[in-house]
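S.K.: Have a look at this one.
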Amino acid sequence: MRSLQATPFIAGIAVATVALAGRYGVQAWQAFKARPATPRMRKFYGGGFETTMTRREAALILGVRESATVEKVKEAHRKVMVANHPDAGGSHFLASKINEAKDIMLGKTKGSGSAF
């Protein structure tokens, strides 16, 4: 007889637990949806150009590390130039900066070799 009286109590505890877990789940889902969107793309260099281009700035323009190999620098230069070549509607200024960045990364110039 004692176990019959405990059954509604245990059922009540189970229902309360499920209700609290559901409430927590809904709150967690709403917090997840309300979080700020994080960009899924790589973050690009956001600033303007320095007066004299540094190796750091050159690496940022090409999207490589400062310690990148010659092959990686040339490959990155090719990809960036395809997207920004003046013959394909790109800017002459950007093309000159991209070429200057490649030269700096390959050690061919000390910077500020841009025609602009």
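Residues are referred to by chain and number: the chain letter is A, B, ... according to the order shown in the structure tokens, the number counts from 1 in that chain, and ligands are numbered separately from 1 in the order shown.
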List the spatial neighbours of region 101-105 of chain A as a PyMOL selection string - criterion: any atom at most 7 Å away, only C-alpha atoms, same-chain residues fewer than 6 positions off excluded.

M.R.: chain A and resi 55+58+61+73+77+111

S.K.: Go ahead and write the residues just picked, all heavy atoms, as a PDB file, in the first residue's frame.

M.R.:
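After the write, result-v8.pdb holds the following:
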ATOM      1  N   ARG A  55      57.204  44.234 -44.547  1.00  0.00           N
ATOM      2  CA  ARG A  55      57.040  42.812 -44.842  1.00  0.00           C
ATOM      3  C   ARG A  55      55.717  42.301 -44.264  1.00  0.00           C
ATOM      4  O   ARG A  55      55.052  41.470 -44.869  1.00  0.00           O
ATOM      5  CB  ARG A  55      58.227  42.034 -44.272  1.00  0.00           C
ATOM      6  CG  ARG A  55      58.251  40.597 -44.690  1.00  0.00           C
ATOM      7  CD  ARG A  55      59.612  39.966 -44.401  1.00  0.00           C
ATOM      8  NE  ARG A  55      59.595  38.559 -44.694  1.00  0.00           N
ATOM      9  CZ  ARG A  55      59.808  38.033 -45.892  1.00  0.00           C
ATOM     10  NH1 ARG A  55      60.069  38.826 -46.901  1.00  0.00           N
ATOM     11  NH2 ARG A  55      59.758  36.738 -46.088  1.00  0.00           N
ATOM     12  N   ALA A  58      52.967  43.425 -46.583  1.00  0.00           N
ATOM     13  CA  ALA A  58      53.043  42.647 -47.819  1.00  0.00           C
ATOM     14  C   ALA A  58      52.437  41.264 -47.620  1.00  0.00           C
ATOM     15  O   ALA A  58      51.695  40.765 -48.470  1.00  0.00           O
ATOM     16  CB  ALA A  58      54.492  42.533 -48.279  1.00  0.00           C
ATOM     17  N   ILE A  61      48.637  41.595 -47.513  1.00  0.00           N
ATOM     18  CA  ILE A  61      48.058  41.834 -48.835  1.00  0.00           C
ATOM     19  C   ILE A  61      47.955  40.528 -49.620  1.00  0.00           C
ATOM     20  O   ILE A  61      46.942  40.250 -50.261  1.00  0.00           O
ATOM     21  CB  ILE A  61      48.892  42.874 -49.608  1.00  0.00           C
ATOM     22  CG1 ILE A  61      48.711  44.249 -48.976  1.00  0.00           C
ATOM     23  CG2 ILE A  61      48.503  42.906 -51.080  1.00  0.00           C
ATOM     24  CD1 ILE A  61      49.669  45.300 -49.482  1.00  0.00           C
ATOM     25  N   VAL A  73      54.398  32.319 -51.938  1.00  0.00           N
ATOM     26  CA  VAL A  73      54.266  33.743 -52.268  1.00  0.00           C
ATOM     27  C   VAL A  73      53.861  33.900 -53.729  1.00  0.00           C
ATOM     28  O   VAL A  73      52.942  34.662 -54.050  1.00  0.00           O
ATOM     29  CB  VAL A  73      55.586  34.496 -51.975  1.00  0.00           C
ATOM     30  CG1 VAL A  73      55.538  35.908 -52.538  1.00  0.00           C
ATOM     31  CG2 VAL A  73      55.859  34.532 -50.485  1.00  0.00           C
ATOM     32  N   HIS A  77      50.376  35.423 -55.012  1.00  0.00           N
ATOM     33  CA  HIS A  77      50.420  36.581 -55.900  1.00  0.00           C
ATOM     34  C   HIS A  77      49.581  36.320 -57.139  1.00  0.00           C
ATOM     35  O   HIS A  77      48.804  37.165 -57.584  1.00  0.00           O
ATOM     36  CB  HIS A  77      51.871  36.894 -56.280  1.00  0.00           C
ATOM     37  CG  HIS A  77      51.990  37.976 -57.303  1.00  0.00           C
ATOM     38  ND1 HIS A  77      52.137  37.696 -58.643  1.00  0.00           N
ATOM     39  CD2 HIS A  77      51.964  39.325 -57.198  1.00  0.00           C
ATOM     40  CE1 HIS A  77      52.200  38.837 -59.313  1.00  0.00           C
ATOM     41  NE2 HIS A  77      52.105  39.841 -58.461  1.00  0.00           N
ATOM     42  N   GLY A 111      60.788  48.310 -50.391  1.00  0.00           N
ATOM     43  CA  GLY A 111      59.499  48.959 -50.160  1.00  0.00           C
ATOM     44  C   GLY A 111      59.433  50.306 -50.835  1.00  0.00           C
ATOM     45  O   GLY A 111      60.428  50.874 -51.285  1.00  0.00           O
TER      46      GLY A 111
END

S.K.: Near Asn99 (chain A), within 12 Å and counting only C-alpha atoms, which residues show up once chain neighbours fewer than 3 positions away are dropped, as JSON, numbers by chain?

M.R.: {"A": [53, 58, 59, 61, 62, 73, 74, 76, 77, 78, 80, 81, 84, 85, 92, 93, 94, 95, 96, 102, 103, 104, 105, 106, 108, 109, 111, 112, 113, 114, 115]}

S.K.: With N, CA, C and O atoms retained, export the selected residues as a tab-separated table (two decimals), in the first residue's frame.

M.R.:
chain	number	residue	atom	x	y	z
A	53	MET	N	55.82	50.26	-47.52
A	53	MET	CA	55.29	48.92	-47.29
A	53	MET	C	56.28	48.08	-46.48
A	53	MET	O	57.47	48.04	-46.80
A	58	ALA	N	52.97	43.42	-46.58
A	58	ALA	CA	53.04	42.65	-47.82
A	58	ALA	C	52.44	41.26	-47.62
A	58	ALA	O	51.70	40.77	-48.47
A	59	ALA	N	52.72	40.65	-46.48
A	59	ALA	CA	52.16	39.33	-46.18
A	59	ALA	C	50.64	39.41	-46.03
A	59	ALA	O	49.92	38.52	-46.48
A	61	ILE	N	48.64	41.60	-47.51
A	61	ILE	CA	48.06	41.83	-48.83
A	61	ILE	C	47.95	40.53	-49.62
A	61	ILE	O	46.94	40.25	-50.26
A	62	LEU	N	49.01	39.72	-49.54
A	62	LEU	CA	49.02	38.47	-50.30
A	62	LEU	C	48.29	37.33	-49.58
A	62	LEU	O	47.99	36.31	-50.19
A	73	VAL	N	54.40	32.32	-51.94
A	73	VAL	CA	54.27	33.74	-52.27
A	73	VAL	C	53.86	33.90	-53.73
A	73	VAL	O	52.94	34.66	-54.05
A	74	LYS	N	54.51	33.16	-54.61
A	74	LYS	CA	54.18	33.26	-56.04
A	74	LYS	C	52.76	32.78	-56.32
A	74	LYS	O	52.03	33.38	-57.11
A	76	ALA	N	50.22	32.77	-54.15
A	76	ALA	CA	49.29	33.76	-53.59
A	76	ALA	C	49.23	35.00	-54.48
A	76	ALA	O	48.15	35.54	-54.72
A	77	HIS	N	50.38	35.42	-55.01
A	77	HIS	CA	50.42	36.58	-55.90
A	77	HIS	C	49.58	36.32	-57.14
A	77	HIS	O	48.80	37.17	-57.58
A	78	ARG	N	49.71	35.13	-57.69
A	78	ARG	CA	48.96	34.78	-58.89
A	78	ARG	C	47.45	34.83	-58.61
A	78	ARG	O	46.68	35.39	-59.40
A	80	VAL	N	45.80	36.49	-56.23
A	80	VAL	CA	45.33	37.85	-55.96
A	80	VAL	C	45.32	38.68	-57.25
A	80	VAL	O	44.40	39.46	-57.47
A	81	MET	N	46.31	38.48	-58.10
A	81	MET	CA	46.37	39.24	-59.35
A	81	MET	C	45.27	38.82	-60.32
A	81	MET	O	44.76	39.66	-61.06
A	84	ASN	N	42.38	40.86	-59.31
A	84	ASN	CA	42.53	42.32	-59.32
A	84	ASN	C	43.31	42.86	-60.52
A	84	ASN	O	43.76	44.00	-60.48
A	85	HIS	N	43.47	42.10	-61.56
A	85	HIS	CA	44.27	42.55	-62.70
A	85	HIS	C	43.56	43.67	-63.44
A	85	HIS	O	42.34	43.61	-63.67
A	92	HIS	N	44.58	49.71	-61.22
A	92	HIS	CA	46.02	49.79	-61.47
A	92	HIS	C	46.77	50.00	-60.15
A	92	HIS	O	47.86	49.47	-59.96
A	93	PHE	N	46.17	50.79	-59.25
A	93	PHE	CA	46.79	51.06	-57.96
A	93	PHE	C	46.93	49.77	-57.15
A	93	PHE	O	47.99	49.48	-56.61
A	94	LEU	N	45.84	49.00	-57.07
A	94	LEU	CA	45.91	47.74	-56.32
A	94	LEU	C	46.89	46.77	-56.96
A	94	LEU	O	47.63	46.07	-56.26
A	95	ALA	N	46.92	46.72	-58.28
A	95	ALA	CA	47.85	45.82	-58.96
A	95	ALA	C	49.28	46.20	-58.64
A	95	ALA	O	50.13	45.32	-58.42
A	96	SER	N	49.58	47.49	-58.59
A	96	SER	CA	50.94	47.91	-58.27
A	96	SER	C	51.29	47.57	-56.83
A	96	SER	O	52.42	47.16	-56.54
A	102	LYS	N	54.63	41.38	-53.52
A	102	LYS	CA	55.35	40.19	-53.97
A	102	LYS	C	56.86	40.45	-53.97
A	102	LYS	O	57.64	39.62	-53.50
A	103	ASP	N	57.25	41.61	-54.47
A	103	ASP	CA	58.68	41.94	-54.51
A	103	ASP	C	59.28	41.99	-53.11
A	103	ASP	O	60.39	41.51	-52.88
A	104	ILE	N	58.56	42.57	-52.17
A	104	ILE	CA	59.06	42.65	-50.80
A	104	ILE	C	59.17	41.26	-50.19
A	104	ILE	O	60.17	40.93	-49.55
A	105	MET	N	58.16	40.44	-50.40
A	105	MET	CA	58.19	39.08	-49.83
A	105	MET	C	59.31	38.24	-50.45
A	105	MET	O	59.86	37.36	-49.80
A	106	LEU	N	59.65	38.50	-51.71
A	106	LEU	CA	60.72	37.76	-52.35
A	106	LEU	C	62.08	38.42	-52.15
A	106	LEU	O	63.10	37.91	-52.62
A	108	LYS	N	63.13	41.42	-53.26
A	108	LYS	CA	63.66	42.13	-54.43
A	108	LYS	C	63.70	43.63	-54.25
A	108	LYS	O	64.33	44.34	-55.01
A	109	THR	N	63.00	44.17	-53.24
A	109	THR	CA	62.97	45.61	-53.01
A	109	THR	C	62.81	45.87	-51.53
A	109	THR	O	62.40	45.01	-50.77
A	111	GLY	N	60.79	48.31	-50.39
A	111	GLY	CA	59.50	48.96	-50.16
A	111	GLY	C	59.43	50.31	-50.84
A	111	GLY	O	60.43	50.87	-51.29
A	112	SER	N	58.22	50.84	-50.91
A	112	SER	CA	57.95	52.12	-51.53
A	112	SER	C	58.35	52.15	-52.99
A	112	SER	O	58.77	53.16	-53.52
A	113	GLY	N	58.22	51.01	-53.67
A	113	GLY	CA	58.55	50.95	-55.08
A	113	GLY	C	57.32	51.14	-55.95
A	113	GLY	O	57.37	50.96	-57.15
A	114	SER	N	56.21	51.50	-55.34
A	114	SER	CA	54.96	51.68	-56.08
A	114	SER	C	55.03	52.90	-56.96
A	114	SER	O	55.65	53.91	-56.63
A	115	ALA	N	54.38	52.81	-58.11
A	115	ALA	CA	54.32	53.94	-59.03
A	115	ALA	C	53.35	54.99	-58.52
A	115	ALA	O	53.31	56.10	-59.04

S.K.: I'd like to know which residues of chain A are alpha helix (DSSP H) (by DSSP, run on the backbone); could you write them as an mmCIF file with N, CA and C atoms, in the first residue's frame?

M.R.:
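Listed below is the output, result-v9.cif:
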data_model
loop_
_atom_site.group_PDB
_atom_site.id
_atom_site.type_symbol
_atom_site.label_atom_id
_atom_site.label_comp_id
_atom_site.auth_asym_id
_atom_site.auth_seq_id
_atom_site.Cartn_x
_atom_site.Cartn_y
_atom_site.Cartn_z
ATOM 1 N N ARG A 2 1.948 1.185 0.646
ATOM 2 C CA ARG A 2 2.846 2.325 0.729
ATOM 3 C C ARG A 2 3.408 2.690 -0.656
ATOM 4 N N SER A 3 3.691 1.717 -1.502
ATOM 5 C CA SER A 3 4.247 1.978 -2.809
ATOM 6 C C SER A 3 3.231 2.654 -3.723
ATOM 7 N N LEU A 4 1.939 2.441 -3.500
ATOM 8 C CA LEU A 4 0.917 3.108 -4.318
ATOM 9 C C LEU A 4 0.848 4.592 -4.006
ATOM 10 N N GLN A 5 1.152 4.985 -2.792
ATOM 11 C CA GLN A 5 1.147 6.403 -2.441
ATOM 12 C C GLN A 5 2.394 7.106 -2.983
ATOM 13 N N ALA A 6 3.489 6.397 -3.140
ATOM 14 C CA ALA A 6 4.731 6.987 -3.625
ATOM 15 C C ALA A 6 4.718 7.184 -5.145
ATOM 16 N N THR A 7 3.902 6.424 -5.845
ATOM 17 C CA THR A 7 3.881 6.482 -7.306
ATOM 18 C C THR A 7 3.485 7.869 -7.821
ATOM 19 N N PRO A 8 2.432 8.515 -7.352
ATOM 20 C CA PRO A 8 2.096 9.864 -7.846
ATOM 21 C C PRO A 8 3.186 10.879 -7.513
ATOM 22 N N PHE A 9 3.819 10.726 -6.358
ATOM 23 C CA PHE A 9 4.883 11.641 -5.978
ATOM 24 C C PHE A 9 6.072 11.528 -6.944
ATOM 25 N N ILE A 10 6.469 10.316 -7.257
ATOM 26 C CA ILE A 10 7.578 10.082 -8.182
ATOM 27 C C ILE A 10 7.206 10.579 -9.577
ATOM 28 N N ALA A 11 5.971 10.364 -9.987
ATOM 29 C CA ALA A 11 5.519 10.853 -11.291
ATOM 30 C C ALA A 11 5.555 12.379 -11.324
ATOM 31 N N GLY A 12 5.180 13.020 -10.228
ATOM 32 C CA GLY A 12 5.216 14.484 -10.148
ATOM 33 C C GLY A 12 6.632 15.020 -10.246
ATOM 34 N N ILE A 13 7.541 14.362 -9.551
ATOM 35 C CA ILE A 13 8.954 14.761 -9.621
ATOM 36 C C ILE A 13 9.474 14.599 -11.051
ATOM 37 N N ALA A 14 9.117 13.517 -11.723
ATOM 38 C CA ALA A 14 9.557 13.273 -13.091
ATOM 39 C C ALA A 14 9.018 14.349 -14.037
ATOM 40 N N VAL A 15 7.747 14.701 -13.893
ATOM 41 C CA VAL A 15 7.145 15.738 -14.742
ATOM 42 C C VAL A 15 7.817 17.088 -14.490
ATOM 43 N N ALA A 16 8.084 17.423 -13.238
ATOM 44 C CA ALA A 16 8.750 18.691 -12.907
ATOM 45 C C ALA A 16 10.162 18.726 -13.496
ATOM 46 N N THR A 17 10.858 17.611 -13.434
ATOM 47 C CA THR A 17 12.213 17.542 -13.983
ATOM 48 C C THR A 17 12.194 17.739 -15.496
ATOM 49 N N VAL A 18 11.271 17.088 -16.161
ATOM 50 C CA VAL A 18 11.152 17.239 -17.618
ATOM 51 C C VAL A 18 10.785 18.679 -17.970
ATOM 52 N N ALA A 19 9.912 19.301 -17.213
ATOM 53 C CA ALA A 19 9.507 20.681 -17.480
ATOM 54 C C ALA A 19 10.695 21.637 -17.313
ATOM 55 N N LEU A 20 11.465 21.458 -16.256
ATOM 56 C CA LEU A 20 12.626 22.326 -16.039
ATOM 57 C C LEU A 20 13.689 22.110 -17.115
ATOM 58 N N ALA A 21 13.900 20.866 -17.507
ATOM 59 C CA ALA A 21 14.867 20.578 -18.565
ATOM 60 C C ALA A 21 14.404 21.190 -19.885
ATOM 61 N N GLY A 22 13.121 21.116 -20.175
ATOM 62 C CA GLY A 22 12.579 21.723 -21.393
ATOM 63 C C GLY A 22 12.726 23.229 -21.371
ATOM 64 N N ARG A 23 12.454 23.835 -20.213
ATOM 65 C CA ARG A 23 12.597 25.283 -20.079
ATOM 66 C C ARG A 23 14.057 25.698 -20.310
ATOM 67 N N TYR A 24 14.973 24.958 -19.708
ATOM 68 C CA TYR A 24 16.395 25.244 -19.891
ATOM 69 C C TYR A 24 16.792 25.071 -21.361
ATOM 70 N N GLY A 25 16.276 24.055 -22.003
ATOM 71 C CA GLY A 25 16.580 23.818 -23.406
ATOM 72 C C GLY A 25 16.092 24.951 -24.291
ATOM 73 N N VAL A 26 14.886 25.448 -24.042
ATOM 74 C CA VAL A 26 14.336 26.563 -24.823
ATOM 75 C C VAL A 26 15.174 27.820 -24.600
ATOM 76 N N GLN A 27 15.557 28.098 -23.352
ATOM 77 C CA GLN A 27 16.383 29.276 -23.076
ATOM 78 C C GLN A 27 17.752 29.161 -23.748
ATOM 79 N N ALA A 28 18.338 27.976 -23.716
ATOM 80 C CA ALA A 28 19.635 27.783 -24.352
ATOM 81 C C ALA A 28 19.524 27.965 -25.857
ATOM 82 N N TRP A 29 18.456 27.457 -26.463
ATOM 83 C CA TRP A 29 18.261 27.612 -27.901
ATOM 84 C C TRP A 29 18.080 29.077 -28.289
ATOM 85 N N GLN A 30 17.311 29.825 -27.492
ATOM 86 C CA GLN A 30 17.112 31.245 -27.790
ATOM 87 C C GLN A 30 18.414 32.024 -27.650
ATOM 88 N N ALA A 31 19.227 31.683 -26.658
ATOM 89 C CA ALA A 31 20.524 32.338 -26.489
ATOM 90 C C ALA A 31 21.441 31.989 -27.656
ATOM 91 N N PHE A 32 21.369 30.764 -28.129
ATOM 92 C CA PHE A 32 22.187 30.335 -29.264
ATOM 93 C C PHE A 32 21.798 31.094 -30.527
ATOM 94 N N LYS A 33 20.503 31.258 -30.755
ATOM 95 C CA LYS A 33 20.035 31.974 -31.943
ATOM 96 C C LYS A 33 20.339 33.466 -31.863
ATOM 97 N N ALA A 34 20.384 34.039 -30.653
ATOM 98 C CA ALA A 34 20.566 35.480 -30.487
ATOM 99 C C ALA A 34 22.031 35.897 -30.483
ATOM 100 N N ARG A 55 57.204 44.234 -44.547
ATOM 101 C CA ARG A 55 57.040 42.812 -44.842
ATOM 102 C C ARG A 55 55.717 42.301 -44.264
ATOM 103 N N ARG A 56 55.320 42.823 -43.111
ATOM 104 C CA ARG A 56 54.046 42.427 -42.494
ATOM 105 C C ARG A 56 52.874 42.818 -43.390
ATOM 106 N N GLU A 57 52.895 44.054 -43.870
ATOM 107 C CA GLU A 57 51.811 44.519 -44.742
ATOM 108 C C GLU A 57 51.797 43.731 -46.049
ATOM 109 N N ALA A 58 52.967 43.425 -46.583
ATOM 110 C CA ALA A 58 53.043 42.647 -47.819
ATOM 111 C C ALA A 58 52.437 41.264 -47.620
ATOM 112 N N ALA A 59 52.724 40.653 -46.478
ATOM 113 C CA ALA A 59 52.160 39.331 -46.180
ATOM 114 C C ALA A 59 50.645 39.413 -46.031
ATOM 115 N N LEU A 60 50.144 40.479 -45.410
ATOM 116 C CA LEU A 60 48.696 40.653 -45.268
ATOM 117 C C LEU A 60 48.014 40.839 -46.627
ATOM 118 N N ILE A 61 48.637 41.595 -47.513
ATOM 119 C CA ILE A 61 48.058 41.834 -48.835
ATOM 120 C C ILE A 61 47.955 40.528 -49.620
ATOM 121 N N LEU A 62 49.007 39.721 -49.545
ATOM 122 C CA LEU A 62 49.021 38.465 -50.304
ATOM 123 C C LEU A 62 48.290 37.334 -49.583
ATOM 124 N N VAL A 70 58.927 30.758 -51.137
ATOM 125 C CA VAL A 70 58.864 31.450 -52.424
ATOM 126 C C VAL A 70 57.694 30.927 -53.254
ATOM 127 N N GLU A 71 57.493 29.617 -53.236
ATOM 128 C CA GLU A 71 56.392 29.026 -54.019
ATOM 129 C C GLU A 71 55.038 29.524 -53.525
ATOM 130 N N LYS A 72 54.866 29.588 -52.196
ATOM 131 C CA LYS A 72 53.581 30.053 -51.653
ATOM 132 C C LYS A 72 53.347 31.521 -51.973
ATOM 133 N N VAL A 73 54.398 32.319 -51.938
ATOM 134 C CA VAL A 73 54.266 33.743 -52.268
ATOM 135 C C VAL A 73 53.861 33.900 -53.729
ATOM 136 N N LYS A 74 54.509 33.162 -54.610
ATOM 137 C CA LYS A 74 54.181 33.258 -56.038
ATOM 138 C C LYS A 74 52.762 32.778 -56.317
ATOM 139 N N GLU A 75 52.348 31.700 -55.657
ATOM 140 C CA GLU A 75 50.983 31.185 -55.843
ATOM 141 C C GLU A 75 49.948 32.179 -55.326
ATOM 142 N N ALA A 76 50.216 32.771 -54.148
ATOM 143 C CA ALA A 76 49.287 33.761 -53.590
ATOM 144 C C ALA A 76 49.231 34.999 -54.480
ATOM 145 N N HIS A 77 50.376 35.423 -55.012
ATOM 146 C CA HIS A 77 50.420 36.581 -55.900
ATOM 147 C C HIS A 77 49.581 36.320 -57.139
ATOM 148 N N ARG A 78 49.714 35.131 -57.689
ATOM 149 C CA ARG A 78 48.961 34.778 -58.892
ATOM 150 C C ARG A 78 47.453 34.827 -58.611
ATOM 151 N N LYS A 79 47.030 34.265 -57.475
ATOM 152 C CA LYS A 79 45.593 34.247 -57.144
ATOM 153 C C LYS A 79 45.050 35.659 -56.939
ATOM 154 N N VAL A 80 45.799 36.490 -56.229
ATOM 155 C CA VAL A 80 45.328 37.851 -55.964
ATOM 156 C C VAL A 80 45.318 38.676 -57.245
ATOM 157 N N MET A 81 46.314 38.478 -58.102
ATOM 158 C CA MET A 81 46.366 39.240 -59.350
ATOM 159 C C MET A 81 45.268 38.823 -60.321
ATOM 160 N N VAL A 82 44.893 37.566 -60.322
ATOM 161 C CA VAL A 82 43.788 37.132 -61.189
ATOM 162 C C VAL A 82 42.517 37.893 -60.820
ATOM 163 N N ALA A 83 42.309 38.092 -59.531
ATOM 164 C CA ALA A 83 41.099 38.781 -59.081
ATOM 165 C C ALA A 83 41.180 40.292 -59.255
ATOM 166 N N ASN A 84 42.382 40.860 -59.312
ATOM 167 C CA ASN A 84 42.529 42.316 -59.321
ATOM 168 C C ASN A 84 43.311 42.860 -60.519
ATOM 169 N N HIS A 92 44.580 49.710 -61.220
ATOM 170 C CA HIS A 92 46.020 49.793 -61.469
ATOM 171 C C HIS A 92 46.769 50.001 -60.153
ATOM 172 N N PHE A 93 46.169 50.788 -59.255
ATOM 173 C CA PHE A 93 46.788 51.058 -57.956
ATOM 174 C C PHE A 93 46.928 49.771 -57.149
ATOM 175 N N LEU A 94 45.844 49.000 -57.071
ATOM 176 C CA LEU A 94 45.914 47.738 -56.323
ATOM 177 C C LEU A 94 46.890 46.766 -56.965
ATOM 178 N N ALA A 95 46.917 46.723 -58.282
ATOM 179 C CA ALA A 95 47.845 45.823 -58.960
ATOM 180 C C ALA A 95 49.284 46.197 -58.644
ATOM 181 N N SER A 96 49.575 47.492 -58.592
ATOM 182 C CA SER A 96 50.945 47.909 -58.270
ATOM 183 C C SER A 96 51.294 47.565 -56.827
ATOM 184 N N LYS A 97 50.328 47.703 -55.913
ATOM 185 C CA LYS A 97 50.566 47.342 -54.512
ATOM 186 C C LYS A 97 50.756 45.832 -54.364
ATOM 187 N N ILE A 98 50.009 45.057 -55.105
ATOM 188 C CA ILE A 98 50.148 43.596 -55.054
ATOM 189 C C ILE A 98 51.515 43.191 -55.582
ATOM 190 N N ASN A 99 51.949 43.802 -56.673
ATOM 191 C CA ASN A 99 53.275 43.505 -57.218
ATOM 192 C C ASN A 99 54.377 43.940 -56.257
ATOM 193 N N GLU A 100 54.183 45.086 -55.619
ATOM 194 C CA GLU A 100 55.158 45.558 -54.630
ATOM 195 C C GLU A 100 55.229 44.593 -53.447
ATOM 196 N N ALA A 101 54.075 44.077 -53.026
ATOM 197 C CA ALA A 101 54.036 43.117 -51.917
ATOM 198 C C ALA A 101 54.802 41.846 -52.293
ATOM 199 N N LYS A 102 54.627 41.384 -53.519
ATOM 200 C CA LYS A 102 55.353 40.187 -53.967
ATOM 201 C C LYS A 102 56.857 40.446 -53.971
ATOM 202 N N ASP A 103 57.250 41.609 -54.474
ATOM 203 C CA ASP A 103 58.677 41.942 -54.513
ATOM 204 C C ASP A 103 59.277 41.994 -53.105
ATOM 205 N N ILE A 104 58.555 42.570 -52.173
ATOM 206 C CA ILE A 104 59.062 42.649 -50.800
ATOM 207 C C ILE A 104 59.172 41.257 -50.190
ATOM 208 N N MET A 105 58.159 40.436 -50.403
ATOM 209 C CA MET A 105 58.189 39.082 -49.832
ATOM 210 C C MET A 105 59.306 38.241 -50.450
#
